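*Asks:* My structure is in coords02.csv, and what it holds is CSV, C-alpha atoms and all ligand atoms:
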chain,number,residue,atom,x,y,z
D,185,MET,CA,-12.0,17.3,19.6
D,186,SER,CA,-9.5,15.5,17.3
D,187,MET,CA,-7.9,17.3,14.4
D,188,THR,CA,-9.3,16.7,11.0
D,189,TRP,CA,-8.0,13.8,8.9
D,190,HIS,CA,-7.8,14.5,5.2
D,191,VAL,CA,-8.0,11.3,3.2
D,192,LEU,CA,-6.5,11.4,-0.2
D,193,GLY,CA,-8.0,8.7,-2.5
D,194,ALA,CA,-11.5,7.1,-2.3
D,195,GLY,CA,-10.2,3.7,-3.1
D,196,SER,CA,-10.1,0.5,-1.0
D,197,LEU,CA,-7.9,1.5,1.8
D,198,GLY,CA,-8.8,5.2,1.8
D,199,THR,CA,-12.5,4.2,2.3
D,200,LEU,CA,-11.7,1.6,4.9
D,201,TRP,CA,-9.9,4.2,7.0
D,202,ALA,CA,-12.2,7.2,6.3
D,203,THR,CA,-15.4,5.3,7.2
D,204,ARG,CA,-14.0,3.8,10.4
D,205,LEU,CA,-12.6,7.1,11.6
D,206,ALA,CA,-15.9,8.9,10.8
D,207,ARG,CA,-17.8,6.2,12.6
D,208,ALA,CA,-15.7,6.9,15.7
D,209,GLY,CA,-16.6,10.6,15.5
D,210,VAL,CA,-13.2,11.7,14.2
D,211,PRO,CA,-13.5,14.6,11.7
D,212,VAL,CA,-12.7,13.3,8.2
D,213,ARG,CA,-12.6,15.0,4.8
D,214,LEU,CA,-12.2,13.1,1.6
D,215,ILE,CA,-10.1,14.5,-1.3
D,216,VAL,CA,-11.1,13.3,-4.7
D,217,ARG,CA,-9.4,13.8,-8.1
D,218,ASP,CA,-11.3,16.6,-9.6
D,219,GLU,CA,-14.6,18.6,-9.7
D,220,GLN,CA,-16.3,16.0,-11.8
D,221,ARG,CA,-15.5,13.2,-9.3
D,222,LEU,CA,-16.6,15.6,-6.5
D,223,GLN,CA,-20.0,16.0,-8.2
D,224,ALA,CA,-20.3,12.2,-8.6
D,225,TYR,CA,-19.3,11.7,-4.9
D,226,ARG,CA,-21.8,14.3,-3.7
D,227,ALA,CA,-24.5,12.6,-5.8
D,228,ALA,CA,-23.7,9.2,-4.1
D,229,GLY,CA,-24.1,10.9,-0.7
D,230,GLY,CA,-21.0,9.5,0.9
D,231,LEU,CA,-18.8,6.4,1.2
D,232,THR,CA,-20.2,3.0,1.8
D,233,LEU,CA,-18.4,0.4,3.8
D,234,VAL,CA,-19.6,-3.2,3.5
D,235,GLU,CA,-18.7,-5.2,6.6
D,236,HIS,CA,-20.0,-8.7,7.6
D,237,GLY,CA,-22.4,-8.4,4.6
D,238,GLU,CA,-23.9,-5.2,5.8
D,239,ALA,CA,-23.6,-2.0,3.9
D,240,LYS,CA,-23.5,1.4,5.7
D,241,LEU,CA,-23.2,4.8,4.2
D,242,TYR,CA,-21.0,7.5,5.9
D,243,GLU,CA,-21.7,11.1,4.8
D,244,ILE,CA,-18.1,12.3,4.8
D,245,PRO,CA,-17.6,15.7,3.3
D,246,GLY,CA,-15.6,15.8,0.1
D,247,GLU,CA,-13.4,18.3,-1.7
D,248,THR,CA,-10.8,18.5,-4.4
D,249,SER,CA,-7.0,19.2,-4.0
D,250,ASP,CA,-7.8,22.8,-5.0
D,251,SER,CA,-9.8,23.5,-1.9
D,252,ASP,CA,-8.0,26.0,0.4
D,253,GLU,CA,-8.5,24.6,3.9
D,254,PRO,CA,-5.1,23.9,5.5
D,255,ILE,CA,-4.2,20.2,6.0
D,256,ASN,CA,-2.7,19.1,9.3
D,257,ARG,CA,-3.0,15.3,8.9
D,258,LEU,CA,-3.1,13.6,5.5
D,259,LEU,CA,-3.7,10.0,4.9
D,260,VAL,CA,-2.2,9.2,1.5
D,261,ALA,CA,-4.3,6.3,0.2
D,262,CYS,CA,-3.5,6.2,-3.5
D,263,LYS,CA,-1.4,3.7,-5.4
D,264,ALA,CA,2.4,4.1,-5.1
D,265,TYR,CA,2.7,5.3,-8.7
D,266,ASP,CA,0.2,8.2,-8.0
D,267,ALA,CA,1.6,9.3,-4.6
D,268,VAL,CA,4.2,11.9,-5.6
D,269,GLN,CA,2.0,13.7,-8.0
D,270,ALA,CA,-1.0,13.6,-5.7
D,271,VAL,CA,1.0,15.0,-2.7
D,272,ALA,CA,2.7,17.7,-4.9
D,273,ARG,CA,-0.7,19.2,-5.6
D,274,LEU,CA,-1.5,19.3,-1.9
D,275,ALA,CA,1.9,20.6,-0.7
D,276,PRO,CA,0.8,24.3,-0.7
D,277,ARG,CA,-2.0,23.4,1.7
D,278,LEU,CA,0.1,21.6,4.3
D,279,ALA,CA,0.1,23.5,7.6
D,280,PRO,CA,3.3,23.9,9.6
D,281,GLY,CA,3.9,20.6,11.5
D,282,ALA,CA,1.7,18.7,9.1
D,283,GLU,CA,1.9,14.9,9.2
D,284,LEU,CA,1.4,12.5,6.3
D,285,ILE,CA,0.6,8.8,6.7
D,286,LEU,CA,1.8,6.9,3.6
D,287,LEU,CA,-0.2,3.7,3.0
D,288,GLN,CA,1.6,2.6,-0.2
D,289,ASN,CA,2.8,-0.9,-0.6
D,290,GLY,CA,6.4,-1.6,-1.7
D,291,LEU,CA,9.3,0.9,-1.4
D,292,GLY,CA,10.5,3.9,-3.3
D,293,SER,CA,7.3,6.1,-3.2
D,294,GLN,CA,7.8,6.9,0.5
D,295,ASP,CA,11.2,8.6,0.0
D,296,ALA,CA,10.0,10.3,-3.2
D,297,VAL,CA,7.0,11.8,-1.3
D,298,ALA,CA,9.1,12.8,1.7
D,299,ALA,CA,11.6,14.6,-0.6
D,300,GLN,CA,8.8,16.7,-2.0
D,301,VAL,CA,7.4,17.9,1.4
D,302,PRO,CA,10.5,18.4,3.6
D,303,GLN,CA,8.4,20.7,5.9
D,304,ALA,CA,6.1,17.8,6.9
D,305,ARG,CA,6.6,14.6,8.9
D,306,CYS,CA,6.1,11.5,6.8
D,307,ILE,CA,5.0,8.3,8.5
D,308,SER,CA,5.1,5.0,6.6
D,309,ALA,CA,2.6,2.2,7.1
D,310,SER,CA,2.6,-1.5,6.2
D,311,SER,CA,-0.8,-3.1,6.3
D,312,THR,CA,-2.2,-6.6,6.2
D,313,GLU,CA,-5.8,-5.5,6.1
D,314,GLY,CA,-7.7,-6.3,2.9
D,315,ALA,CA,-10.4,-4.5,1.1
D,316,PHE,CA,-11.8,-4.2,-2.4
D,317,ARG,CA,-14.2,-2.0,-4.3
D,318,ASP,CA,-17.5,-3.5,-5.4
D,319,GLY,CA,-18.8,-0.2,-6.9
D,320,ASP,CA,-18.1,3.4,-7.1
D,321,TRP,CA,-17.7,4.9,-3.6
D,322,ARG,CA,-18.3,1.4,-2.1
D,323,VAL,CA,-15.7,-0.9,-0.4
D,324,VAL,CA,-15.9,-4.4,1.1
D,325,PHE,CA,-13.8,-5.1,4.2
D,326,ALA,CA,-12.4,-8.4,3.0
D,327,GLY,CA,-9.6,-9.3,5.4
D,328,HIS,CA,-9.0,-8.3,9.0
D,329,GLY,CA,-5.3,-7.6,9.6
D,330,TYR,CA,-2.9,-5.2,11.2
D,331,THR,CA,-1.2,-2.0,10.3
D,332,TRP,CA,2.3,-1.1,11.5
D,333,LEU,CA,3.2,2.5,11.5
D,334,GLY,CA,6.6,4.2,11.9
D,335,ASP,CA,8.9,7.0,11.0
D,336,ALA,CA,12.5,5.9,10.2
D,337,GLY,CA,13.9,9.3,11.1
D,338,HIS,CA,12.0,9.9,14.4
D,339,PRO,CA,11.1,7.2,16.9
D,340,VAL,CA,8.5,9.1,18.9
D,341,ALA,CA,4.9,7.9,18.3
D,342,PRO,CA,2.3,10.6,17.3
D,343,ILE,CA,-0.5,11.5,19.6
D,344,TRP,CA,-3.2,10.7,16.9
D,345,LEU,CA,-2.7,6.9,17.3
D,346,GLU,CA,-5.5,7.3,19.8
D,347,ASP,CA,-7.8,8.2,16.9
D,348,LEU,CA,-6.9,4.8,15.3
D,349,THR,CA,-7.7,3.0,18.6
D,350,ALA,CA,-11.0,4.8,18.9
D,351,ALA,CA,-11.8,3.8,15.3
D,352,GLY,CA,-11.0,0.2,15.9
D,353,ILE,CA,-8.1,0.1,13.4
D,354,PRO,CA,-5.7,-2.5,14.7
D,355,HIS,CA,-2.3,-1.0,14.7
D,356,GLU,CA,1.1,-0.8,16.3
D,357,TRP,CA,3.8,1.9,16.3
D,358,THR,CA,7.2,0.5,15.4
D,359,THR,CA,10.7,2.0,15.4
D,360,ASP,CA,11.6,-0.5,12.7
D,361,ILE,CA,9.1,0.3,10.0
D,362,LEU,CA,11.8,-0.2,7.3
D,363,THR,CA,12.2,-3.8,8.4
D,364,ARG,CA,8.5,-4.3,8.0
D,365,LEU,CA,8.4,-2.7,4.6
D,366,TRP,CA,11.4,-4.6,3.3
D,367,ARG,CA,10.0,-7.9,4.6
D,368,LYS,CA,6.6,-7.4,2.9
D,369,LEU,CA,8.4,-6.3,-0.2
D,370,ALA,CA,10.5,-9.5,-0.3
D,371,LEU,CA,7.3,-11.6,0.3
D,372,ASN,CA,5.5,-9.8,-2.5
D,373,CYS,CA,8.5,-10.2,-4.9
D,374,ALA,CA,8.8,-14.0,-4.2
D,375,ILE,CA,5.1,-14.6,-4.7
D,376,ASN,CA,3.2,-12.0,-6.8
D,377,PRO,CA,5.2,-12.0,-10.1
D,378,LEU,CA,5.2,-15.8,-10.2
D,379,THR,CA,1.5,-16.1,-9.7
D,380,VAL,CA,1.1,-13.8,-12.7
D,381,LEU,CA,3.6,-15.7,-14.9
D,382,HIS,CA,2.3,-19.1,-13.9
D,383,ASP,CA,-1.4,-17.9,-14.0
D,384,CYS,CA,-2.2,-19.4,-10.6
D,385,ARG,CA,-3.4,-18.8,-7.1
D,386,ASN,CA,-0.8,-18.4,-4.4
D,387,GLY,CA,-1.1,-22.1,-3.6
D,388,GLY,CA,-0.2,-23.0,-7.2
D,389,LEU,CA,3.4,-22.0,-6.3
D,390,GLN,CA,3.7,-25.2,-4.3
D,391,GLN,CA,4.4,-26.7,-7.7
D,392,HIS,CA,7.3,-24.3,-8.3
D,393,HIS,CA,9.2,-24.8,-5.1
D,394,CYS,CA,12.7,-24.6,-6.6
D,395,GLU,CA,11.9,-21.3,-8.4
D,396,VAL,CA,10.5,-19.8,-5.2
D,397,ALA,CA,13.6,-21.0,-3.2
D,398,THR,CA,16.0,-19.5,-5.7
D,399,LEU,CA,14.3,-16.1,-5.6
D,400,CYS,CA,14.3,-16.2,-1.7
D,401,ALA,CA,18.0,-16.9,-1.7
D,402,GLU,CA,18.6,-13.8,-3.9
D,403,LEU,CA,16.2,-11.7,-1.9
D,404,THR,CA,18.0,-12.8,1.3
D,405,GLU,CA,21.4,-11.8,-0.2
D,406,LEU,CA,20.0,-8.4,-1.1
D,407,LEU,CA,18.4,-7.7,2.2
D,408,GLU,CA,21.6,-8.6,4.0
D,409,ARG,CA,23.7,-6.4,1.7
D,410,CYS,CA,21.5,-3.3,2.1
D,411,GLY,CA,21.4,-3.4,5.9
D,412,GLN,CA,18.2,-5.2,6.5
D,413,PRO,CA,19.3,-8.5,8.1
D,414,ALA,CA,16.2,-8.8,10.3
D,415,ALA,CA,14.0,-8.6,7.2
D,416,ALA,CA,16.0,-11.5,5.7
D,417,GLU,CA,15.7,-13.9,8.6
D,418,HIS,CA,14.1,-17.2,7.6
D,419,LEU,CA,12.6,-15.6,4.5
D,420,GLN,CA,12.1,-18.8,2.5
D,421,GLN,CA,10.2,-20.4,5.5
D,422,GLU,CA,8.0,-17.3,5.8
D,423,VAL,CA,7.3,-17.3,2.0
D,424,GLU,CA,6.3,-21.0,2.1
D,425,ARG,CA,4.1,-20.3,5.1
D,426,VAL,CA,2.3,-17.5,3.4
D,427,ILE,CA,1.9,-19.5,0.2
D,428,GLN,CA,0.2,-22.3,2.2
D,429,ALA,CA,-1.9,-19.9,4.4
D,430,THR,CA,-3.2,-18.0,1.3
D,431,ALA,CA,-3.2,-21.0,-1.0
D,432,ALA,CA,-6.8,-20.3,-2.2
D,433,ASN,CA,-6.2,-16.5,-2.9
D,434,TYR,CA,-5.0,-14.7,-5.9
D,435,SER,CA,-2.2,-12.3,-5.2
D,436,SER,CA,-2.8,-8.5,-5.5
D,437,MET,CA,-0.7,-8.3,-8.6
D,438,TYR,CA,-2.5,-11.3,-10.2
D,439,GLN,CA,-5.8,-9.4,-9.5
D,440,ASP,CA,-4.5,-6.2,-11.0
D,441,VAL,CA,-3.4,-7.9,-14.2
D,442,ALA,CA,-6.5,-10.0,-14.5
D,443,ASN,CA,-8.5,-6.7,-14.2
D,444,GLN,CA,-6.3,-4.9,-16.8
D,445,ARG,CA,-5.1,-2.5,-14.0
D,446,ARG,CA,-1.7,-1.0,-13.8
D,447,THR,CA,0.5,-2.9,-11.3
D,448,GLU,CA,2.9,-1.5,-8.7
D,449,ILE,CA,5.8,-3.5,-10.2
D,450,SER,CA,8.1,-0.5,-10.2
D,451,TYR,CA,7.8,-0.2,-6.3
D,452,LEU,CA,8.1,-4.0,-5.8
D,453,LEU,CA,10.4,-6.1,-8.1
D,454,GLY,CA,11.6,-2.9,-10.0
D,455,HIS,CA,12.7,-1.4,-6.7
D,456,VAL,CA,14.5,-4.6,-5.7
D,457,CYS,CA,16.4,-4.8,-9.0
D,458,ARG,CA,17.4,-1.1,-8.9
D,459,VAL,CA,18.7,-1.4,-5.3
D,460,ALA,CA,20.7,-4.5,-6.2
D,461,ALA,CA,22.2,-2.7,-9.2
D,462,ARG,CA,23.1,0.2,-6.9
D,463,HIS,CA,24.9,-2.3,-4.6
D,464,GLN,CA,26.6,-3.9,-7.7
D,465,LEU,CA,25.0,-7.2,-6.6
D,466,ASN,CA,24.3,-9.7,-9.4
D,467,LEU,CA,20.9,-11.3,-8.9
D,468,PRO,CA,20.2,-13.0,-12.2
D,469,HIS,CA,17.0,-14.7,-11.3
D,470,LEU,CA,15.3,-11.6,-9.9
D,471,ASN,CA,16.5,-9.6,-13.0
D,472,GLN,CA,15.2,-12.3,-15.3
D,473,LEU,CA,11.9,-12.4,-13.4
D,474,GLU,CA,11.5,-8.6,-13.9
D,475,ALA,CA,12.3,-8.9,-17.6
D,476,ARG,CA,9.7,-11.7,-18.0
D,477,LEU,CA,7.1,-9.8,-16.0
D,478,THR,CA,7.7,-6.6,-18.0
D,479,ALA,CA,7.4,-8.5,-21.3
D,480,HIS,CA,4.2,-10.1,-20.1
D,481,LEU,CA,2.7,-6.8,-19.0
D,482,HIS,CA,3.6,-5.2,-22.3
D,483,SER,CA,2.0,-8.1,-24.2
D,484,LEU,CA,-1.2,-7.3,-22.4
D,485,GLY,CA,-0.9,-3.6,-23.1
D,486,LEU,CA,-0.1,-2.7,-19.4
D,487,PRO,CA,2.6,-0.3,-18.3
D,488,SER,CA,5.7,-1.6,-16.4
D,489,ASP,CA,6.5,1.5,-14.5
M,1,LIG,P1,-7.2,1.9,-5.0
M,1,LIG,O1,-6.8,1.9,-6.4
M,1,LIG,O2,-8.4,1.1,-4.6
M,1,LIG,O3,-7.4,3.4,-4.5
M,1,LIG,C1,-6.6,4.5,-4.8
M,1,LIG,C2,-7.5,5.7,-5.0
M,1,LIG,O4,-6.7,6.8,-5.1
M,1,LIG,C3,-8.3,5.6,-6.3
M,1,LIG,O5,-9.7,5.9,-6.0
M,1,LIG,C4,-7.7,6.8,-7.1
M,1,LIG,O6,-8.7,7.4,-8.0
M,1,LIG,C5,-7.3,7.7,-6.0
M,1,LIG,N1,-6.3,8.7,-6.5
M,1,LIG,C6,-5.2,8.6,-7.2
M,1,LIG,N2,-4.6,9.8,-7.4
M,1,LIG,C7,-5.4,10.7,-6.8
M,1,LIG,C8,-5.3,12.1,-6.7
M,1,LIG,N3,-4.3,12.8,-7.2
M,1,LIG,N4,-6.3,12.7,-6.0
M,1,LIG,C9,-7.3,12.1,-5.4
M,1,LIG,N5,-7.4,10.7,-5.5
M,1,LIG,C10,-6.5,10.0,-6.2
M,1,LIG,O7,-5.9,1.4,-4.2
M,1,LIG,P2,-5.9,0.6,-2.8
M,1,LIG,O8,-6.2,-0.8,-3.1
M,1,LIG,O9,-6.6,1.3,-1.7
M,1,LIG,O10,-4.3,0.7,-2.5
M,1,LIG,C11,-3.7,1.9,-2.0
M,1,LIG,C12,-2.3,1.4,-1.5
M,1,LIG,O11,-2.5,0.5,-0.4
M,1,LIG,C13,-1.5,0.6,-2.6
M,1,LIG,O12,-0.2,0.9,-2.5
M,1,LIG,C14,-1.8,-0.8,-2.2
M,1,LIG,O13,-0.7,-1.7,-2.6
M,1,LIG,C15,-1.8,-0.7,-0.7
M,1,LIG,N6,-2.6,-1.8,0.0
M,1,LIG,C16,-3.8,-2.1,-0.4
M,1,LIG,C17,-4.5,-3.1,0.2
M,1,LIG,C18,-5.9,-3.5,-0.2
M,1,LIG,O14,-6.5,-4.5,0.4
M,1,LIG,N7,-6.6,-2.8,-1.1
M,1,LIG,C19,-3.9,-3.8,1.3
M,1,LIG,C20,-2.6,-3.5,1.7
M,1,LIG,C21,-1.9,-2.4,1.0
M,2,LIG,O1,0.5,-9.3,0.2
M,2,LIG,C1,0.2,-10.2,-0.7
M,2,LIG,C2,-0.3,-9.8,-2.0
M,2,LIG,O2,-1.0,-10.5,-2.6
M,2,LIG,O3,0.0,-8.6,-2.4
M,2,LIG,C3,0.5,-11.6,-0.3
M,2,LIG,C4,-0.8,-12.3,0.0
M,2,LIG,C5,1.4,-11.7,0.9
M,2,LIG,C6,1.2,-12.3,-1.5
M,2,LIG,O4,2.4,-11.8,-1.7
Just give me the structure as structure tokens.
Ligand code: NAD
Ligand code: KPL

*Replies:*
Amino acid sequence: MSMTWHVLGAGSLGTLWATRLARAGVPVRLIVRDEQRLQAYRAAGGLTLVEHGEAKLYEIPGETSDSDEPINRLLVACKAYDAVQAVARLAPRLAPGAELILLQNGLGSQDAVAAQVPQARCISASSTEGAFRDGDWRVVFAGHGYTWLGDAGHPVAPIWLEDLTAAGIPHEWTTDILTRLWRKLALNCAINPLTVLHDCRNGGLQQHHCEVATLCAELTELLERCGQPAAAEHLQQEVERVIQATAANYSSMYQDVANQRRTEISYLLGHVCRVAARHQLNLPHLNQLEARLTAHLHSLGLPSD
């Protein structure tokens, strides 16, 4: 029998993972914010996954952070800006040898979480799967993709990858997870803020080719300076390919802003600008982009941290 997976966060990715693991017979428990949310969750009867237009309810047991059952395996499926606080509340429950899987986009939150729980192994993930909520406790599986997992400090793959295989979660263990995370971060920085500022779909950036190219040049310089040359390789070509392949889509940041939701800017463009400053690298266009985006978010009453 597999060990229990605790899933923190009943949002898009948390539900996508929890329901597929449960469907494969892997024991899963869902951690929700507080007692009130727990009552609402219990009233709903479980998590619903909508796949190929078909909705199916999974009766996954729920609990709050205050429950006292020890945690051996924790999937952290909240937004980057919530991760440190959420994990801090669970730290006393982590069993010796506990493992955390960090699903956060961008960079910065993974190190901050790991620093809080030095007794645990933290594994980072970078995913191209897509899901969105179409109701409370209900998630639509919108885009099939792949999840890379890795631990920058320890190359050996964990035994529980077999749970992911059983659950049909396409994945690969990589000894180079930082390259994956930096590459995705660079793509997000070259595309997402511009879609917000130009109020367009990803494909709309084809009209702003020079601006995209300038950002890619600065991102390439930064990646090379901070020891990530593989993440820098042919970055502009890859950005142009993604813009074309996802031309009809709105970027995740565009969707957050359009729905008046807090963005993960601090772990995307904010992180890039902070790392550049640390390396005393002058990247004027990325800095200007961050300033424009921050001003835009503030004008909409949204935070920029
Ligand atoms: P989401 O907002 O849908 O879900 C996050 C959930 O975490 C929410 O239900 C929130 O209430 C919960 N949460 C926050 N703090 C909590 C706490 N202390 N205790 C319990 N629950 C808590 O977010 P998401 O879209 O699933 O994204 C999660 C991460 O995955 C983000 O970093 C995102 O960028 C990344 N990601 C998402 C997708 C996607 O398709 N949604 C794809 C790739 C990467
Ligand atoms: O990951 C993305 C996002 O929207 O967050 C893409 C599609 C790559 C655009 O940056």

*Asks:* Got a sec: who's within 6 Å of Gly246 (chain D), counting only C-alpha atoms, leaving out chain neighbours fewer than 5 positions off, as a PDB file with C-alpha atoms, in the coordinates of the input?

*Replies:*
ATOM      1  CA  ARG D 213     -12.600  15.000   4.800  1.00  0.00           C
ATOM      2  CA  LEU D 214     -12.200  13.100   1.600  1.00  0.00           C
ATOM      3  CA  ILE D 215     -10.100  14.500  -1.300  1.00  0.00           C
TER       4      ILE D 215
END

*Asks:* Could you list, as a list in words, all residues that come within 9 Å of ligand LIG 2 (chain M)? Count only C-alpha atoms and all ligand atoms.

*Replies:*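 Based on only C-alpha atoms and all ligand atoms, ligand LIG 2 (chain M) is surrounded within 9 Å by Asn289, Ser311, Thr312, Lys368, Leu369, Ala370, Leu371, Asn372, Cys373, Ala374, Ile375, Asn376, Pro377, Asn386, Val423, Val426, Ile427, Ala429, Thr430, Asn433, Tyr434, Ser435, Ser436, Met437, Tyr438 and Gln439 of chain D.
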
*Asks:* Give me, as a PyMOL selection string, the set of residues whose atoms come within 6 Å of any atom of ligand LIG 1 (chain M), counting all atoms listed in the file.

*Replies:* chain D and resi 192-198+215-217+261-264+266+270+287-289+311-316

*Asks:* Those same residues, written as a short mmCIF file (atom, residue, chain, number, x, y, z; two decimals), keeping the file's coordinate frame with C-alpha atoms?

*Replies:*
data_model
loop_
_atom_site.label_atom_id
_atom_site.label_comp_id
_atom_site.auth_asym_id
_atom_site.auth_seq_id
_atom_site.Cartn_x
_atom_site.Cartn_y
_atom_site.Cartn_z
CA LEU D 192 -6.50 11.40 -0.20
CA GLY D 193 -8.00 8.70 -2.50
CA ALA D 194 -11.50 7.10 -2.30
CA GLY D 195 -10.20 3.70 -3.10
CA SER D 196 -10.10 0.50 -1.00
CA LEU D 197 -7.90 1.50 1.80
CA GLY D 198 -8.80 5.20 1.80
CA ILE D 215 -10.10 14.50 -1.30
CA VAL D 216 -11.10 13.30 -4.70
CA ARG D 217 -9.40 13.80 -8.10
CA ALA D 261 -4.30 6.30 0.20
CA CYS D 262 -3.50 6.20 -3.50
CA LYS D 263 -1.40 3.70 -5.40
CA ALA D 264 2.40 4.10 -5.10
CA ASP D 266 0.20 8.20 -8.00
CA ALA D 270 -1.00 13.60 -5.70
CA LEU D 287 -0.20 3.70 3.00
CA GLN D 288 1.60 2.60 -0.20
CA ASN D 289 2.80 -0.90 -0.60
CA SER D 311 -0.80 -3.10 6.30
CA THR D 312 -2.20 -6.60 6.20
CA GLU D 313 -5.80 -5.50 6.10
CA GLY D 314 -7.70 -6.30 2.90
CA ALA D 315 -10.40 -4.50 1.10
CA PHE D 316 -11.80 -4.20 -2.40
#

*Asks:* Which protein, DNA or RNA residues are at most 12 Å from (-6.7, 12.3, 18.7) in the file's coordinates when you count all atoms listed in the file, listed as a PDB file with C-alpha atoms, in the frame of the given file?

*Replies:*
ATOM      1  CA  MET D 185     -12.000  17.300  19.600  1.00  0.00           C
ATOM      2  CA  SER D 186      -9.500  15.500  17.300  1.00  0.00           C
ATOM      3  CA  MET D 187      -7.900  17.300  14.400  1.00  0.00           C
ATOM      4  CA  THR D 188      -9.300  16.700  11.000  1.00  0.00           C
ATOM      5  CA  TRP D 189      -8.000  13.800   8.900  1.00  0.00           C
ATOM      6  CA  LEU D 205     -12.600   7.100  11.600  1.00  0.00           C
ATOM      7  CA  ALA D 208     -15.700   6.900  15.700  1.00  0.00           C
ATOM      8  CA  GLY D 209     -16.600  10.600  15.500  1.00  0.00           C
ATOM      9  CA  VAL D 210     -13.200  11.700  14.200  1.00  0.00           C
ATOM     10  CA  PRO D 211     -13.500  14.600  11.700  1.00  0.00           C
ATOM     11  CA  ARG D 257      -3.000  15.300   8.900  1.00  0.00           C
ATOM     12  CA  PRO D 342       2.300  10.600  17.300  1.00  0.00           C
ATOM     13  CA  ILE D 343      -0.500  11.500  19.600  1.00  0.00           C
ATOM     14  CA  TRP D 344      -3.200  10.700  16.900  1.00  0.00           C
ATOM     15  CA  LEU D 345      -2.700   6.900  17.300  1.00  0.00           C
ATOM     16  CA  GLU D 346      -5.500   7.300  19.800  1.00  0.00           C
ATOM     17  CA  ASP D 347      -7.800   8.200  16.900  1.00  0.00           C
ATOM     18  CA  LEU D 348      -6.900   4.800  15.300  1.00  0.00           C
ATOM     19  CA  THR D 349      -7.700   3.000  18.600  1.00  0.00           C
ATOM     20  CA  ALA D 350     -11.000   4.800  18.900  1.00  0.00           C
ATOM     21  CA  ALA D 351     -11.800   3.800  15.300  1.00  0.00           C
TER      22      ALA D 351
END

*Asks:* With only C-alpha atoms as the atoms that count, which of D:Ala479, D:Ala272, D:Leu222, D:Ala267 lies nearest to Ser293 (chain D)?

*Replies:* D:Ala267
